[in-house]
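Structure first, commentary second.
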Amino acid sequence: MSMLDLIIEQNPEDTFLKADGLDEAIIGYDDQTGRLIYSMSKIINILIEDDGMTEEEALEHYYYNIHGGYVGEQTPIWCNDYF
């Protein structure tokens with residue numbers, strides 16, 4: 001069972017805003033705001049492995065298209081664990 005499935009199972013009355021294609025990068029949620037938390041390192045790996053990007057391309061895509069996007073109060077939290 002994925003982390004997203006566990007979160008939804010534990011919080012069936014809540015709705016969560018997801019980033020398309022990045023479900024495997026979810027590492028938790030903020031129980032104060034109901035926002036999903038995504039791992040930056042997992043996102044970068046998904047972009048490299050699934051989309052065929054180089055590490056540099058994946059980082060540029062992440063910062064420009066993912067991290068920089070704001071879609072309201074439920075915008076996911078991006079955890080910088082890329083060390």
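Every chain in the structure tokens has a letter given in the order shown (A, B, ...), and although residue numbers restart at 1 in each chain, ligands are simply numbered from 1 in the order shown.
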
Find the residues around region 28-39 of chain A up to 7 Å (only C-alpha atoms counted), leave out those fewer than 2 positions away in its own chain, and share them as a list in words.
-> Met3, Phe16, Ala25, Ile26, Ser41, Lys42, Ile43, Gln74, Thr75, Pro76, Ile77, Trp78, Cys79, Asn80 and Asp81 of chain A

List every residue of chain A that DSSP, applied to the backbone of this structure, assigns to strand (DSSP E), and report them as a PyMOL selection string.
-> chain A and resi 26-30+35-39+77-79

Selected residues written out, all heavy atoms, as a compact mmCIF listing (two decimals), in the first residue's frame:
# COMPACT_ATOMS: atom_id res chain seq x y z
N ILE A 26 5.35 10.96 -2.24
CA ILE A 26 4.67 11.43 -1.03
C ILE A 26 5.28 10.74 0.18
O ILE A 26 5.40 9.52 0.22
CB ILE A 26 3.16 11.16 -1.13
CG1 ILE A 26 2.55 11.99 -2.27
CG2 ILE A 26 2.47 11.47 0.21
CD1 ILE A 26 1.11 11.63 -2.59
N ILE A 27 5.65 11.54 1.18
CA ILE A 27 6.25 10.98 2.40
C ILE A 27 5.40 11.24 3.63
O ILE A 27 5.75 10.81 4.72
CB ILE A 27 7.68 11.51 2.61
CG1 ILE A 27 7.72 13.03 2.67
CG2 ILE A 27 8.60 10.97 1.51
CD1 ILE A 27 9.07 13.62 3.04
N GLY A 28 4.30 11.95 3.48
CA GLY A 28 3.42 12.22 4.62
C GLY A 28 2.48 13.36 4.31
O GLY A 28 2.32 13.76 3.17
N TYR A 29 1.87 13.88 5.39
CA TYR A 29 1.01 15.04 5.24
C TYR A 29 1.06 15.85 6.52
O TYR A 29 1.40 15.35 7.59
CB TYR A 29 -0.43 14.64 4.89
CG TYR A 29 -1.24 14.13 6.05
CD1 TYR A 29 -2.19 14.94 6.67
CD2 TYR A 29 -1.06 12.86 6.55
CE1 TYR A 29 -2.92 14.48 7.75
CE2 TYR A 29 -1.79 12.39 7.61
CZ TYR A 29 -2.72 13.20 8.22
OH TYR A 29 -3.45 12.75 9.29
N ASP A 30 0.73 17.12 6.40
CA ASP A 30 0.70 18.02 7.55
C ASP A 30 -0.70 17.95 8.14
O ASP A 30 -1.66 18.39 7.50
CB ASP A 30 1.04 19.44 7.10
CG ASP A 30 0.98 20.46 8.21
OD1 ASP A 30 0.78 20.08 9.38
OD2 ASP A 30 1.12 21.66 7.92
N ARG A 35 -2.12 19.35 4.05
CA ARG A 35 -1.33 19.39 2.82
C ARG A 35 -0.41 18.18 2.74
O ARG A 35 0.22 17.79 3.72
CB ARG A 35 -0.51 20.67 2.77
CG ARG A 35 -1.37 21.91 2.67
CD ARG A 35 -0.64 23.18 3.02
NE ARG A 35 0.55 23.37 2.20
CZ ARG A 35 1.52 24.22 2.50
NH1 ARG A 35 1.45 24.95 3.61
NH2 ARG A 35 2.56 24.36 1.73
N LEU A 36 -0.33 17.58 1.55
CA LEU A 36 0.58 16.46 1.33
C LEU A 36 2.01 16.96 1.35
O LEU A 36 2.30 18.10 0.97
CB LEU A 36 0.29 15.80 -0.02
CG LEU A 36 -1.04 15.06 -0.12
CD1 LEU A 36 -1.25 14.57 -1.55
CD2 LEU A 36 -1.11 13.91 0.86
N ILE A 37 2.92 16.09 1.78
CA ILE A 37 4.34 16.41 1.82
C ILE A 37 5.06 15.48 0.84
O ILE A 37 4.92 14.26 0.91
CB ILE A 37 4.92 16.23 3.24
CG1 ILE A 37 4.16 17.12 4.23
CG2 ILE A 37 6.42 16.56 3.24
CD1 ILE A 37 4.52 16.86 5.68
N TYR A 38 5.82 16.09 -0.06
CA TYR A 38 6.57 15.35 -1.07
C TYR A 38 8.07 15.46 -0.80
O TYR A 38 8.56 16.49 -0.39
CB TYR A 38 6.31 15.95 -2.46
CG TYR A 38 4.96 15.63 -3.02
CD1 TYR A 38 3.83 16.34 -2.64
CD2 TYR A 38 4.79 14.61 -3.95
CE1 TYR A 38 2.57 16.05 -3.16
CE2 TYR A 38 3.54 14.32 -4.49
CZ TYR A 38 2.45 15.04 -4.08
OH TYR A 38 1.21 14.76 -4.61
N SER A 39 8.78 14.37 -1.09
CA SER A 39 10.23 14.32 -0.97
C SER A 39 10.86 14.83 -2.26
O SER A 39 10.61 14.30 -3.35
CB SER A 39 10.66 12.86 -0.74
OG SER A 39 12.01 12.67 -1.06
N ILE A 77 3.46 20.53 0.24
CA ILE A 77 4.70 20.95 0.88
C ILE A 77 5.82 20.16 0.22
O ILE A 77 5.75 18.95 0.06
CB ILE A 77 4.66 20.65 2.39
CG1 ILE A 77 3.55 21.47 3.04
CG2 ILE A 77 6.02 20.92 3.04
CD1 ILE A 77 3.23 21.06 4.47
N TRP A 78 6.88 20.87 -0.17
CA TRP A 78 8.01 20.25 -0.84
C TRP A 78 9.16 20.15 0.16
O TRP A 78 9.74 21.16 0.56
CB TRP A 78 8.43 21.08 -2.06
CG TRP A 78 7.26 21.47 -2.90
CD1 TRP A 78 6.74 22.71 -3.04
CD2 TRP A 78 6.43 20.61 -3.69
NE1 TRP A 78 5.64 22.68 -3.87
CE2 TRP A 78 5.44 21.40 -4.29
CE3 TRP A 78 6.44 19.24 -3.95
CZ2 TRP A 78 4.46 20.87 -5.13
CZ3 TRP A 78 5.47 18.72 -4.79
CH2 TRP A 78 4.49 19.53 -5.37
N CYS A 79 9.46 18.95 0.61
CA CYS A 79 10.50 18.70 1.61
C CYS A 79 11.85 18.57 0.91
O CYS A 79 12.07 17.65 0.12
CB CYS A 79 10.18 17.43 2.40
SG CYS A 79 11.45 16.98 3.58

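Note that the spacing between CA of Tyr82 (chain A) and CA of His61 (chain A) amounts to 14.5 Å.
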
Please give the complete set of residues from region 6-74 of chain A that DSSP, run on the backbone, assigns to helix (DSSP H, G or I), formatted as a ChimeraX atom specification.
-> /A:6-10,23-25,40-51,55-67

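Coordinates place CA of Leu4 (chain A) at a distance of 20.3 Å from CA of Tyr62 (chain A).
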
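One finds CA of Ala58 (chain A) at 5.7 Å from CA of Ile44 (chain A).
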